[in-house]
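*Asks:* Attaching a single structure in structure tokens format; questions to follow.
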Amino acid sequence: MRTPRWTPEAGTRALVERVGATAARTLLGRLAAGRVHASAMVDDPYAEVIGCIGRCNAAAFLHDGAAEHLAYWPRSWAARSLGHLGDEDAATALVDAFADPHWRVRMAAARALGQLAAEGYDDELATLVTDPHPRVRAAAVMALGRSGSEFALPSLRAALEDDDGPVRRAADRSLAHVERRLHRYR
């Protein structure tokens, strides 16, 4: 019998099956927001969380001196998983992750917030439209396109002038999407 292929979404579902949706949201939120020190990630419950969402053994992954250096990966995986939960209550933890020092965590948090299409976070996402890393800016622009309101328009218009081509293209698509949505409801 073939085992199902692991995906980040399947890992999130497995975590929810093991600990329940509320506990999963809490654990993932703490992890994504950087509230769990790398040394605590090798013990349960976080070792189990990382095993599900990252498909790895936390102790082996975060061995000795690598723990601090690689701890951004579990934070990034946790942000991604919060998007897969489909629970708008996860939005606060995702916004907290916007302050993470590593660009991958900020990018994953912006993508996940966009995936949730949670409304009312235009200002928070707008801060990432000027992030130093272009992949974070592109993720924020795409998230604004999925959930943005008329308040997202200035940020999206500004992103049309970004130095990075993929950010400009994402801004163009997102701006068109928001304008179509706003036009439809006028």
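Within each chain, counting starts at residue 1; across the structure tokens, chains are named A, B, ... in the order shown, with ligands numbered 1 upward in that order.
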I'd like the contact shell of range 14-21 of chain A - 8 Å cut-off, only C-alpha atoms, skipping same-chain residues fewer than 4 positions apart - returned as a short mmCIF file (atom, residue, chain, number, x, y, z; two decimals) with C-alpha atoms, in the first residue's frame.
*Replies:*
```cif
data_model
loop_
_atom_site.label_atom_id
_atom_site.label_comp_id
_atom_site.auth_asym_id
_atom_site.auth_seq_id
_atom_site.Cartn_x
_atom_site.Cartn_y
_atom_site.Cartn_z
CA ALA A 10 -1.09 17.40 4.72
CA ARG A 25 -3.40 27.25 16.17
CA VAL A 49 4.69 20.24 15.63
CA CYS A 52 4.30 17.35 11.23
CA ILE A 53 4.75 20.70 9.49
CA LEU A 85 -5.54 26.06 8.91
#
```
*Asks:* Report as a ChimeraX atom specification: the residues of range 66-144 of chain A with a DSSP assignment of alpha helix (DSSP H), based on the backbone of this structure.
*Replies:* /A:66-70,72-85,91-97,103-116,122-128,134-144
*Asks:* Residues of the last selection are to be written out with C-alpha atoms, as an mmCIF file, in the first residue's frame.
*Replies:*
```cif
data_model
loop_
_atom_site.group_PDB
_atom_site.id
_atom_site.type_symbol
_atom_site.label_atom_id
_atom_site.label_comp_id
_atom_site.auth_asym_id
_atom_site.auth_seq_id
_atom_site.Cartn_x
_atom_site.Cartn_y
_atom_site.Cartn_z
ATOM 1 C CA ALA A 66 22.756 24.753 14.254
ATOM 2 C CA ALA A 67 19.728 25.375 16.464
ATOM 3 C CA GLU A 68 19.981 29.164 16.520
ATOM 4 C CA HIS A 69 21.169 29.397 12.930
ATOM 5 C CA LEU A 70 18.340 27.275 11.491
ATOM 6 C CA TYR A 72 13.930 30.445 11.237
ATOM 7 C CA TRP A 73 12.794 27.375 9.261
ATOM 8 C CA PRO A 74 10.330 26.099 11.887
ATOM 9 C CA ARG A 75 9.018 29.678 12.290
ATOM 10 C CA SER A 76 8.532 29.877 8.530
ATOM 11 C CA TRP A 77 6.848 26.458 8.396
ATOM 12 C CA ALA A 78 4.552 27.472 11.251
ATOM 13 C CA ALA A 79 3.481 30.647 9.434
ATOM 14 C CA ARG A 80 2.785 28.635 6.292
ATOM 15 C CA SER A 81 0.751 26.125 8.306
ATOM 16 C CA LEU A 82 -1.347 28.872 9.868
ATOM 17 C CA GLY A 83 -2.488 29.716 6.355
ATOM 18 C CA HIS A 84 -3.413 26.086 5.758
ATOM 19 C CA LEU A 85 -5.535 26.064 8.909
ATOM 20 C CA ALA A 91 -4.102 36.412 11.626
ATOM 21 C CA THR A 92 -2.772 38.036 14.807
ATOM 22 C CA ALA A 93 0.112 35.569 15.089
ATOM 23 C CA LEU A 94 0.893 36.080 11.408
ATOM 24 C CA VAL A 95 1.046 39.835 11.859
ATOM 25 C CA ASP A 96 3.376 39.287 14.839
ATOM 26 C CA ALA A 97 5.643 37.300 12.512
ATOM 27 C CA TRP A 103 12.915 37.381 5.469
ATOM 28 C CA ARG A 104 11.586 33.841 4.904
ATOM 29 C CA VAL A 105 9.393 34.080 7.996
ATOM 30 C CA ARG A 106 8.037 37.489 6.985
ATOM 31 C CA MET A 107 7.349 36.181 3.459
ATOM 32 C CA ALA A 108 5.584 33.049 4.736
ATOM 33 C CA ALA A 109 3.493 35.120 7.147
ATOM 34 C CA ALA A 110 2.398 37.529 4.395
ATOM 35 C CA ARG A 111 1.522 34.645 2.062
ATOM 36 C CA ALA A 112 -0.443 32.894 4.797
ATOM 37 C CA LEU A 113 -2.355 36.057 5.678
ATOM 38 C CA GLY A 114 -3.216 36.425 2.002
ATOM 39 C CA GLN A 115 -4.293 32.796 1.876
ATOM 40 C CA LEU A 116 -6.653 33.427 4.789
ATOM 41 C CA ASP A 122 -4.119 46.398 5.027
ATOM 42 C CA ASP A 123 -1.978 48.654 7.228
ATOM 43 C CA GLU A 124 0.054 45.736 8.562
ATOM 44 C CA LEU A 125 0.624 44.338 5.084
ATOM 45 C CA ALA A 126 1.494 47.823 3.805
ATOM 46 C CA THR A 127 4.507 47.849 6.140
ATOM 47 C CA LEU A 128 5.868 44.815 4.282
ATOM 48 C CA PRO A 134 11.844 41.702 -2.695
ATOM 49 C CA ARG A 135 10.232 38.318 -2.014
ATOM 50 C CA VAL A 136 8.641 39.720 1.131
ATOM 51 C CA ARG A 137 7.409 42.762 -0.786
ATOM 52 C CA ALA A 138 5.922 40.549 -3.519
ATOM 53 C CA ALA A 139 4.185 38.349 -0.926
ATOM 54 C CA ALA A 140 2.728 41.402 0.817
ATOM 55 C CA VAL A 141 1.495 42.856 -2.478
ATOM 56 C CA MET A 142 -0.165 39.555 -3.418
ATOM 57 C CA ALA A 143 -1.773 39.310 0.036
ATOM 58 C CA LEU A 144 -3.154 42.836 -0.353
#
```
*Asks:* Nearest residue to Arg173 in chain A out of A:Tyr185, A:Gly145, A:Ala33, A:Pro154, using only C-alpha atoms?
*Replies:*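 Nearest to Arg173 in chain A: A:Gly145.
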*Asks:* Taking only C-alpha atoms into account, which of A:Leu28, A:Met41, A:Ala171, A:Ala59 comes nearest Asp87 in chain A?
*Replies:*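 So, comparing all the options, the nearest one is A:Leu28.
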*Asks:* Might you pull out every residue within 12 Å of Glu179 in chain A, with only C-alpha atoms counted and same-chain residues fewer than 3 positions away left off, and present them as a VMD selection string?
*Replies:* chain A and resid 144 to 154 156 to 157 171 to 176 182 to 186
*Asks:* What does the distance between CA of Ala40 in chain A and CA of Thr7 in chain A come to in Å, to one decimal place?
*Replies:*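 Answer for the CA of Ala40 in chain A to CA of Thr7 in chain A separation: 24.6 Å.
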*Asks:* Work out how far CA of His133 in chain A is from CA of Leu27 in chain A, in Å to one decimal.
*Replies:*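 For CA of Leu27 in chain A relative to CA of His133 in chain A, the distance reads 27.2 Å.
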*Asks:* I'd like the interatomic distance between CA of Asp100 in chain A and CA of Arg13 in chain A, to a tenth of an Å.
*Replies:* 25.2 Å
*Asks:* Go through A:Arg35, A:Arg55, A:Arg5, A:Arg168 one by one, measure the shortest atom-to-atom distance of each to Ala99 in chain A using only C-alpha atoms, and give the residue with the smallest value.
*Replies:*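 Residue with the minimum atom-to-atom distance to Ala99 in chain A: A:Arg35.
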*Asks:* Of the candidates A:Ala117, A:Arg181, A:Asn57, A:Ala90, which one gets nearest to Ala32 in chain A if we count only C-alpha atoms?
*Replies:*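 Selected residue with least distance to Ala32 in chain A: A:Ala90.
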